[in-house]
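The data block below is entry_37.cif; it holds mmCIF, C-alpha atoms.
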```cif
data_my_file
#
loop_
_atom_site.label_atom_id
_atom_site.label_comp_id
_atom_site.auth_asym_id
_atom_site.auth_seq_id
_atom_site.Cartn_x
_atom_site.Cartn_y
_atom_site.Cartn_z
CA MET R 1 25.73 -9.97 -16.16
CA ASN R 2 24.28 -7.60 -13.57
CA GLN R 3 20.82 -8.32 -12.24
CA ARG R 4 17.92 -5.90 -12.50
CA ILE R 5 15.08 -5.36 -10.02
CA PHE R 6 11.81 -3.52 -10.63
CA ILE R 7 9.65 -2.03 -7.88
CA SER R 8 6.42 -0.13 -8.52
CA LYS R 9 7.40 2.75 -6.24
CA ALA R 10 8.95 6.12 -7.00
CA SER R 11 12.69 6.31 -6.34
CA HIS R 12 12.32 8.74 -3.42
CA ASP R 13 10.30 6.07 -1.58
CA CYS R 14 12.92 3.34 -2.06
CA GLN R 15 16.10 4.49 -0.33
CA GLU R 16 16.56 1.29 1.69
CA LEU R 17 16.17 -0.92 -1.37
CA ALA R 18 18.34 1.41 -3.46
CA ALA R 19 21.16 1.15 -0.91
CA PHE R 20 20.99 -2.65 -1.01
CA CYS R 21 21.02 -2.72 -4.82
CA GLN R 22 23.98 -0.36 -4.95
CA SER R 23 25.93 -2.58 -2.54
CA LYS R 24 25.33 -5.57 -4.84
CA SER R 25 25.82 -3.70 -8.16
CA ILE R 26 22.19 -4.42 -9.06
CA GLU R 27 20.27 -2.09 -11.36
CA LEU R 28 17.10 -0.83 -9.68
CA VAL R 29 14.13 0.30 -11.76
CA SER R 30 11.88 2.19 -9.35
CA GLU R 31 8.82 3.48 -11.14
CA SER R 32 5.30 3.96 -9.84
CA LEU R 33 2.78 2.91 -12.48
CA ILE R 34 -0.07 4.91 -10.98
CA SER R 35 -0.85 8.55 -10.23
CA PHE R 36 -3.45 10.20 -8.03
CA GLN R 37 -6.16 12.83 -8.39
CA GLU R 38 -7.66 14.57 -5.38
CA ILE R 39 -11.42 14.38 -4.73
CA PRO R 40 -12.40 17.34 -2.50
CA PHE R 41 -14.95 16.71 0.26
CA GLU R 42 -16.61 18.54 3.14
CA ASP R 43 -15.80 17.24 6.60
CA ASN R 44 -19.34 17.25 7.96
CA LEU R 45 -19.72 13.53 8.68
CA GLU R 46 -20.24 11.82 12.03
CA TYR R 47 -17.28 9.78 13.25
CA GLU R 48 -14.95 9.35 16.21
CA VAL R 49 -12.13 7.35 14.59
CA VAL R 50 -10.36 7.60 11.22
CA PHE R 51 -8.69 4.56 9.64
CA PHE R 52 -5.96 5.11 7.05
CA ALA R 53 -5.27 2.19 4.71
CA SER R 54 -2.50 4.16 3.00
CA ILE R 55 -0.46 7.31 3.40
CA ARG R 56 -2.16 8.69 0.29
CA ALA R 57 -5.58 8.43 1.93
CA ALA R 58 -4.19 10.25 4.96
CA GLU R 59 -2.68 13.09 2.93
CA TYR R 60 -5.89 13.82 1.04
CA TYR R 61 -8.09 13.48 4.13
CA LEU R 62 -5.89 15.77 6.23
CA LYS R 63 -5.97 18.40 3.50
CA HIS R 64 -9.72 18.84 3.97
CA LYS R 65 -10.21 17.85 7.62
CA SER R 66 -12.11 20.38 9.71
CA SER R 67 -9.85 22.26 12.12
CA GLN R 68 -12.60 21.87 14.71
CA ARG R 69 -12.45 18.09 14.63
CA PHE R 70 -10.07 15.96 16.70
CA PRO R 71 -10.65 12.29 15.83
CA ILE R 72 -8.63 9.28 16.92
CA PHE R 73 -6.28 8.23 14.12
CA THR R 74 -5.56 4.61 13.22
CA CYS R 75 -3.77 2.92 10.32
CA VAL R 76 -3.14 -0.36 8.56
CA GLY R 77 0.50 -0.98 9.52
CA GLU R 78 3.96 0.18 10.49
CA GLU R 79 4.98 1.58 7.10
CA THR R 80 1.95 3.88 6.97
CA ASN R 81 2.42 4.73 10.64
CA ARG R 82 6.04 5.73 10.03
CA LYS R 83 5.00 8.14 7.29
CA LEU R 84 2.18 9.53 9.44
CA ASN R 85 4.68 10.20 12.22
CA GLN R 86 6.59 12.36 9.74
CA LEU R 87 3.38 14.41 9.41
CA SER R 88 3.17 14.64 13.24
CA ILE R 89 0.17 12.28 13.29
CA LYS R 90 0.02 9.77 16.14
CA CYS R 91 -2.01 6.60 15.67
CA ASP R 92 -3.74 4.87 18.58
CA PHE R 93 -4.08 1.65 16.57
CA VAL R 94 -1.49 0.28 14.13
CA GLY R 95 -2.11 -3.02 12.34
CA ASP R 96 0.39 -5.75 13.14
CA LYS R 97 0.68 -7.33 9.67
CA SER R 98 -0.44 -4.92 6.96
CA GLY R 99 0.29 -7.48 4.24
CA GLU R 100 -2.54 -9.59 5.67
CA PRO R 101 -5.48 -7.13 5.76
CA GLU R 102 -8.03 -9.66 7.00
CA LYS R 103 -5.95 -10.19 10.15
CA VAL R 104 -5.66 -6.43 10.60
CA ALA R 105 -9.43 -6.13 10.14
CA LYS R 106 -10.09 -8.57 12.98
CA GLN R 107 -7.60 -6.76 15.24
CA PHE R 108 -9.16 -3.41 14.39
CA LYS R 109 -12.74 -4.58 14.95
CA LYS R 110 -11.82 -5.76 18.43
CA TRP R 111 -10.00 -2.51 19.21
CA LEU R 112 -12.76 -0.27 17.81
CA GLY R 113 -15.56 -1.59 19.97
CA SER R 114 -18.79 0.35 19.37
CA ARG R 115 -17.22 3.57 18.05
CA ASN R 116 -17.95 5.05 14.62
CA VAL R 117 -15.13 5.07 12.09
CA LEU R 118 -14.42 6.94 8.86
CA PHE R 119 -12.53 5.28 5.99
CA PRO R 120 -11.02 7.80 3.54
CA HIS R 121 -10.19 5.80 0.43
CA SER R 122 -9.36 5.60 -3.26
CA ASP R 123 -11.93 4.93 -5.96
CA LYS R 124 -10.18 1.56 -6.42
CA SER R 125 -10.21 0.53 -2.76
CA LEU R 126 -11.04 -3.10 -1.99
CA HIS R 127 -12.58 -2.07 1.39
CA THR R 128 -11.16 -5.17 3.09
CA ILE R 129 -10.97 -3.66 6.59
CA ALA R 130 -14.38 -1.99 6.35
CA SER R 131 -16.03 -5.23 5.20
CA PHE R 132 -15.47 -6.74 8.66
CA LEU R 133 -17.44 -4.00 10.43
CA PRO R 134 -21.20 -3.44 10.85
CA GLU R 135 -22.57 -0.95 8.30
CA ASN R 136 -24.02 1.28 11.04
CA GLN R 137 -20.54 1.77 12.51
CA LEU R 138 -18.69 2.97 9.43
CA THR R 139 -18.63 5.73 6.86
CA LYS R 140 -16.64 5.52 3.63
CA ILE R 141 -15.61 8.53 1.59
CA GLU R 142 -13.60 8.75 -1.64
CA VAL R 143 -10.81 11.28 -1.22
CA TYR R 144 -8.75 10.46 -4.32
CA GLN R 145 -8.74 8.64 -7.64
CA THR R 146 -6.07 6.15 -8.65
CA ILE R 147 -5.07 6.56 -12.29
CA LEU R 148 -3.19 3.83 -14.18
CA GLU R 149 -0.08 5.09 -15.99
CA GLU R 150 1.09 2.91 -18.87
CA LYS R 151 4.89 2.75 -18.88
CA HIS R 152 7.33 0.36 -20.51
CA ILE R 153 9.45 -1.53 -17.97
CA PRO R 154 12.61 -3.36 -19.16
CA ASN R 155 13.01 -7.07 -18.49
CA CYS R 156 13.99 -7.70 -14.87
CA ASP R 157 15.09 -10.58 -12.67
CA TYR R 158 12.77 -9.56 -9.83
CA TYR R 159 9.48 -7.67 -9.93
CA ILE R 160 8.11 -6.14 -6.74
CA PHE R 161 4.48 -5.10 -7.11
CA THR R 162 3.26 -2.78 -4.36
CA SER R 163 -0.49 -2.69 -5.05
CA PRO R 164 -3.22 -4.30 -7.17
CA SER R 165 -3.44 -1.12 -9.29
CA ASN R 166 0.27 -1.31 -10.10
CA VAL R 167 -0.23 -4.90 -11.27
CA GLN R 168 -3.11 -3.81 -13.51
CA SER R 169 -1.07 -0.98 -14.97
CA PHE R 170 2.00 -3.18 -15.56
CA ILE R 171 0.21 -5.91 -17.48
CA SER R 172 -1.54 -3.40 -19.74
CA ASP R 173 1.79 -2.54 -21.39
CA ASN R 174 4.36 -5.15 -20.29
CA GLU R 175 5.14 -8.83 -19.99
CA LEU R 176 7.18 -10.52 -17.29
CA ALA R 177 10.64 -11.71 -18.23
CA LYS R 178 11.11 -15.48 -18.30
CA SER R 179 12.65 -17.00 -15.17
CA SER R 180 11.92 -13.82 -13.22
CA LYS R 181 10.60 -13.87 -9.65
CA ILE R 182 7.70 -11.85 -8.27
CA ILE R 183 7.29 -10.32 -4.83
CA ALA R 184 3.75 -9.28 -3.84
CA TRP R 185 3.42 -6.41 -1.34
CA GLY R 186 0.66 -8.28 0.53
CA LYS R 187 -2.43 -10.45 0.17
CA SER R 188 -4.39 -7.91 -1.90
CA THR R 189 -1.58 -7.65 -4.46
CA GLN R 190 -1.18 -11.43 -4.38
CA SER R 191 -4.87 -11.82 -5.23
CA GLU R 192 -4.55 -9.45 -8.19
CA LEU R 193 -1.57 -11.42 -9.51
CA GLU R 194 -3.49 -14.68 -9.17
CA LYS R 195 -6.52 -13.15 -10.89
CA ASN R 196 -4.29 -12.44 -13.87
CA GLN R 197 -2.70 -15.91 -13.72
CA LEU R 198 0.69 -14.57 -12.67
CA GLN R 199 2.65 -16.78 -10.30
CA TYR R 200 4.18 -14.98 -7.34
CA ASP R 201 7.20 -16.29 -5.41
CA PHE R 202 6.96 -14.26 -2.21
CA CYS R 203 4.16 -12.41 -0.42
CA LEU R 204 5.07 -9.82 2.21
CA THR R 205 3.58 -10.06 5.68
CA HIS R 206 4.46 -6.56 6.91
CA SER R 207 4.56 -4.81 3.52
CA SER R 208 7.81 -2.95 4.08
CA LEU R 209 11.04 -2.30 2.20
CA LYS R 210 12.93 -3.89 5.09
CA GLU R 211 11.08 -7.14 4.43
CA VAL R 212 11.85 -6.89 0.70
CA VAL R 213 15.56 -6.42 1.39
CA GLU R 214 15.60 -9.44 3.73
CA ILE R 215 14.10 -11.62 0.98
CA LEU R 216 16.61 -10.36 -1.57
CA LYS R 217 19.54 -10.93 0.80
CA ASN R 218 18.54 -14.60 0.98
CA GLU R 219 18.05 -14.77 -2.78
CA ILE R 220 21.09 -12.92 -4.06
CA ALA R 221 24.58 -13.91 -2.98
#
```

Could you write out this file's structure as structure tokens?
Amino acid sequence: MNQRIFISKASHDCQELAAFCQSKSIELVSESLISFQEIPFEDNLEYEVVFFASIRAAEYYLKHKSSQRFPIFTCVGEETNRKLNQLSIKCDFVGDKSGEPEKVAKQFKKWLGSRNVLFPHSDKSLHTIASFLPENQLTKIEVYQTILEEKHIPNCDYYIFTSPSNVQSFISDNELAKSSKIIAWGKSTQSELEKNQLQYDFCLTHSSLKEVVEILKNEIA
């Protein structure tokens, strides 16, 4: 019987995983369980640096950024940096292990020095990076809402949850199949799983599809 893998990402964001699944005759269910709503803002704040914790935060911030402003861009990790590069955005700081935000926060604090930083974020942000910085050095602004989308997901052998919000949305309308294995996208997603008494099997360090595929290669003959 063919195996089935679920990932809480839209199919257009999962090409690397889709190619692996096709090579192994595995059914891939790629379905984001969240949607997003823009929150407009005026770019009249004081800051020198912008930190992007996700590509979504970057997209909504850049839509409203003043054309007269030229901040230094930074981001949480390589996956976000790769997508920013596609938007012709160069980051001066890129977190080393985005799946471990506390480690990234310590790296970023050291890099930032005494400069002021803006954190564009979702209404559901955990503010992990910002929590490591002095209040007088940071500004936080909501640029989008995260909306939970209840969808039925068929029983799978592996579940890959890519954010805490996707975990919340999944459990509102689904149950995990028995004997299934769970991959958490990073520490924040791991914490959400634990909060809901769901046992995870793997937690990503770099939060990338490449890392997911490496785990599955070791798991699936």

Practice item. Between R:Asn44, R:Gln137, R:Thr162, R:Asn2, single out the one closest to Val212 (chain R), counting only C-alpha atoms. Key: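 Using only C-alpha atoms, the shortest distance to Val212 (chain R) belongs to R:Thr162.
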
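Counting all atoms listed in the file and comparing R:Gln3, R:Thr74, R:Ser8, R:Asn85, the residue that lies closest to Ile26 (chain R) is R:Gln3.
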
Could you build a table of the residues in region 4-57 of chain R lying no more than 8 Å from region 164-179 of chain R, giving for each the nearest pair of atoms and their separation in Å rounded to one decimal place, using all atoms listed in the file, ordered by chain and ascending residue number, as a Markdown table?
```
| residue | atom | partner | partner_atom | distance |
| --- | --- | --- | --- | --- |
| R:Ser8 | CA | R:Asn166 | CA | 6.5 |
| R:Ser32 | CA | R:Asn166 | CA | 7.3 |
| R:Leu33 | CA | R:Asn166 | CA | 5.5 |
| R:Ile34 | CA | R:Asn166 | CA | 6.3 |
```

Output C-alpha atoms for every residue in that selection, as a compact mmCIF listing (two decimals), keeping the file's coordinate frame.
```txt
# COMPACT_ATOMS: atom_id res chain seq x y z
CA SER R 8 6.42 -0.13 -8.52
CA SER R 32 5.30 3.96 -9.84
CA LEU R 33 2.78 2.91 -12.48
CA ILE R 34 -0.07 4.91 -10.98
```

Point to revise | Å distance separating CA of Ser180 (chain R) from CA of Pro101 (chain R), one decimal place | key: 26.6 Å

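Excluding Lys140 (chain R) itself and same-chain residues fewer than 2 positions from it, the residues having an atom within 7 Å of it are Leu118, Phe119, Pro120, Leu138 and Glu142 of chain R, counting all atoms listed in the file.
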
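Proximity to Tyr144 (chain R) was assessed for R:Glu102, R:Asp13, R:Glu194, R:Glu59 counting all atoms listed in the file; the smallest distance is recorded for R:Glu59.
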
Once N, CA and C atoms are restored for region 184-215 of chain R, what would the output be as a short mmCIF file (atom, residue, chain, number, x, y, z; two decimals), in the coordinates of the input?
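Final file, out-v2.cif:
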```cif
data_model
loop_
_atom_site.label_atom_id
_atom_site.label_comp_id
_atom_site.auth_asym_id
_atom_site.auth_seq_id
_atom_site.Cartn_x
_atom_site.Cartn_y
_atom_site.Cartn_z
N ALA R 184 5.01 -10.00 -4.04
CA ALA R 184 3.75 -9.28 -3.84
C ALA R 184 3.80 -8.53 -2.52
N TRP R 185 3.34 -7.29 -2.51
CA TRP R 185 3.42 -6.41 -1.34
C TRP R 185 2.53 -6.89 -0.20
N GLY R 186 1.56 -7.74 -0.49
CA GLY R 186 0.66 -8.28 0.53
C GLY R 186 -0.42 -9.11 -0.13
N LYS R 187 -1.40 -9.53 0.67
CA LYS R 187 -2.43 -10.45 0.17
C LYS R 187 -3.27 -9.84 -0.95
N SER R 188 -3.57 -8.54 -0.87
CA SER R 188 -4.39 -7.91 -1.90
C SER R 188 -3.67 -7.92 -3.25
N THR R 189 -2.38 -7.61 -3.23
CA THR R 189 -1.58 -7.65 -4.46
C THR R 189 -1.42 -9.08 -4.95
N GLN R 190 -1.24 -10.00 -4.03
CA GLN R 190 -1.18 -11.43 -4.38
C GLN R 190 -2.44 -11.86 -5.11
N SER R 191 -3.60 -11.45 -4.61
CA SER R 191 -4.87 -11.82 -5.23
C SER R 191 -4.99 -11.27 -6.65
N GLU R 192 -4.50 -10.05 -6.85
CA GLU R 192 -4.55 -9.45 -8.19
C GLU R 192 -3.63 -10.21 -9.15
N LEU R 193 -2.48 -10.61 -8.68
CA LEU R 193 -1.57 -11.42 -9.51
C LEU R 193 -2.23 -12.74 -9.89
N GLU R 194 -2.83 -13.39 -8.91
CA GLU R 194 -3.49 -14.68 -9.17
C GLU R 194 -4.65 -14.51 -10.14
N LYS R 195 -5.39 -13.42 -10.00
CA LYS R 195 -6.52 -13.15 -10.89
C LYS R 195 -6.07 -13.05 -12.34
N ASN R 196 -4.84 -12.57 -12.53
CA ASN R 196 -4.29 -12.44 -13.87
C ASN R 196 -3.36 -13.59 -14.25
N GLN R 197 -3.45 -14.68 -13.46
CA GLN R 197 -2.70 -15.91 -13.72
C GLN R 197 -1.19 -15.67 -13.75
N LEU R 198 -0.73 -14.83 -12.84
CA LEU R 198 0.69 -14.57 -12.67
C LEU R 198 1.15 -15.21 -11.37
N GLN R 199 2.17 -16.03 -11.46
CA GLN R 199 2.65 -16.78 -10.30
C GLN R 199 3.61 -15.93 -9.48
N TYR R 200 3.28 -15.73 -8.22
CA TYR R 200 4.18 -14.98 -7.34
C TYR R 200 5.09 -15.95 -6.58
N ASP R 201 6.24 -15.46 -6.15
CA ASP R 201 7.20 -16.29 -5.41
C ASP R 201 7.23 -15.95 -3.93
N PHE R 202 6.96 -14.70 -3.60
CA PHE R 202 6.96 -14.26 -2.21
C PHE R 202 5.80 -13.29 -1.99
N CYS R 203 5.21 -13.36 -0.81
CA CYS R 203 4.16 -12.41 -0.42
C CYS R 203 4.54 -11.81 0.93
N LEU R 204 4.64 -10.49 0.99
CA LEU R 204 5.07 -9.82 2.21
C LEU R 204 4.01 -9.90 3.30
N THR R 205 4.46 -10.04 4.52
CA THR R 205 3.58 -10.06 5.68
C THR R 205 3.39 -8.66 6.25
N HIS R 206 4.49 -7.90 6.30
CA HIS R 206 4.46 -6.56 6.91
C HIS R 206 4.48 -5.44 5.88
N SER R 207 4.59 -5.80 4.61
CA SER R 207 4.56 -4.81 3.52
C SER R 207 5.52 -3.65 3.76
N SER R 208 6.79 -3.97 3.84
CA SER R 208 7.81 -2.95 4.08
C SER R 208 9.03 -3.20 3.21
N LEU R 209 9.80 -2.15 2.96
CA LEU R 209 11.04 -2.30 2.20
C LEU R 209 12.05 -3.16 2.95
N LYS R 210 12.03 -3.06 4.27
CA LYS R 210 12.93 -3.89 5.09
C LYS R 210 12.69 -5.36 4.81
N GLU R 211 11.42 -5.74 4.70
CA GLU R 211 11.08 -7.14 4.43
C GLU R 211 11.53 -7.54 3.02
N VAL R 212 11.38 -6.63 2.06
CA VAL R 212 11.85 -6.89 0.70
C VAL R 212 13.35 -7.15 0.68
N VAL R 213 14.10 -6.29 1.36
CA VAL R 213 15.56 -6.42 1.39
C VAL R 213 15.97 -7.74 2.03
N GLU R 214 15.28 -8.16 3.08
CA GLU R 214 15.60 -9.44 3.73
C GLU R 214 15.40 -10.61 2.77
N ILE R 215 14.34 -10.56 1.98
CA ILE R 215 14.10 -11.62 0.98
C ILE R 215 15.23 -11.63 -0.04
#
```
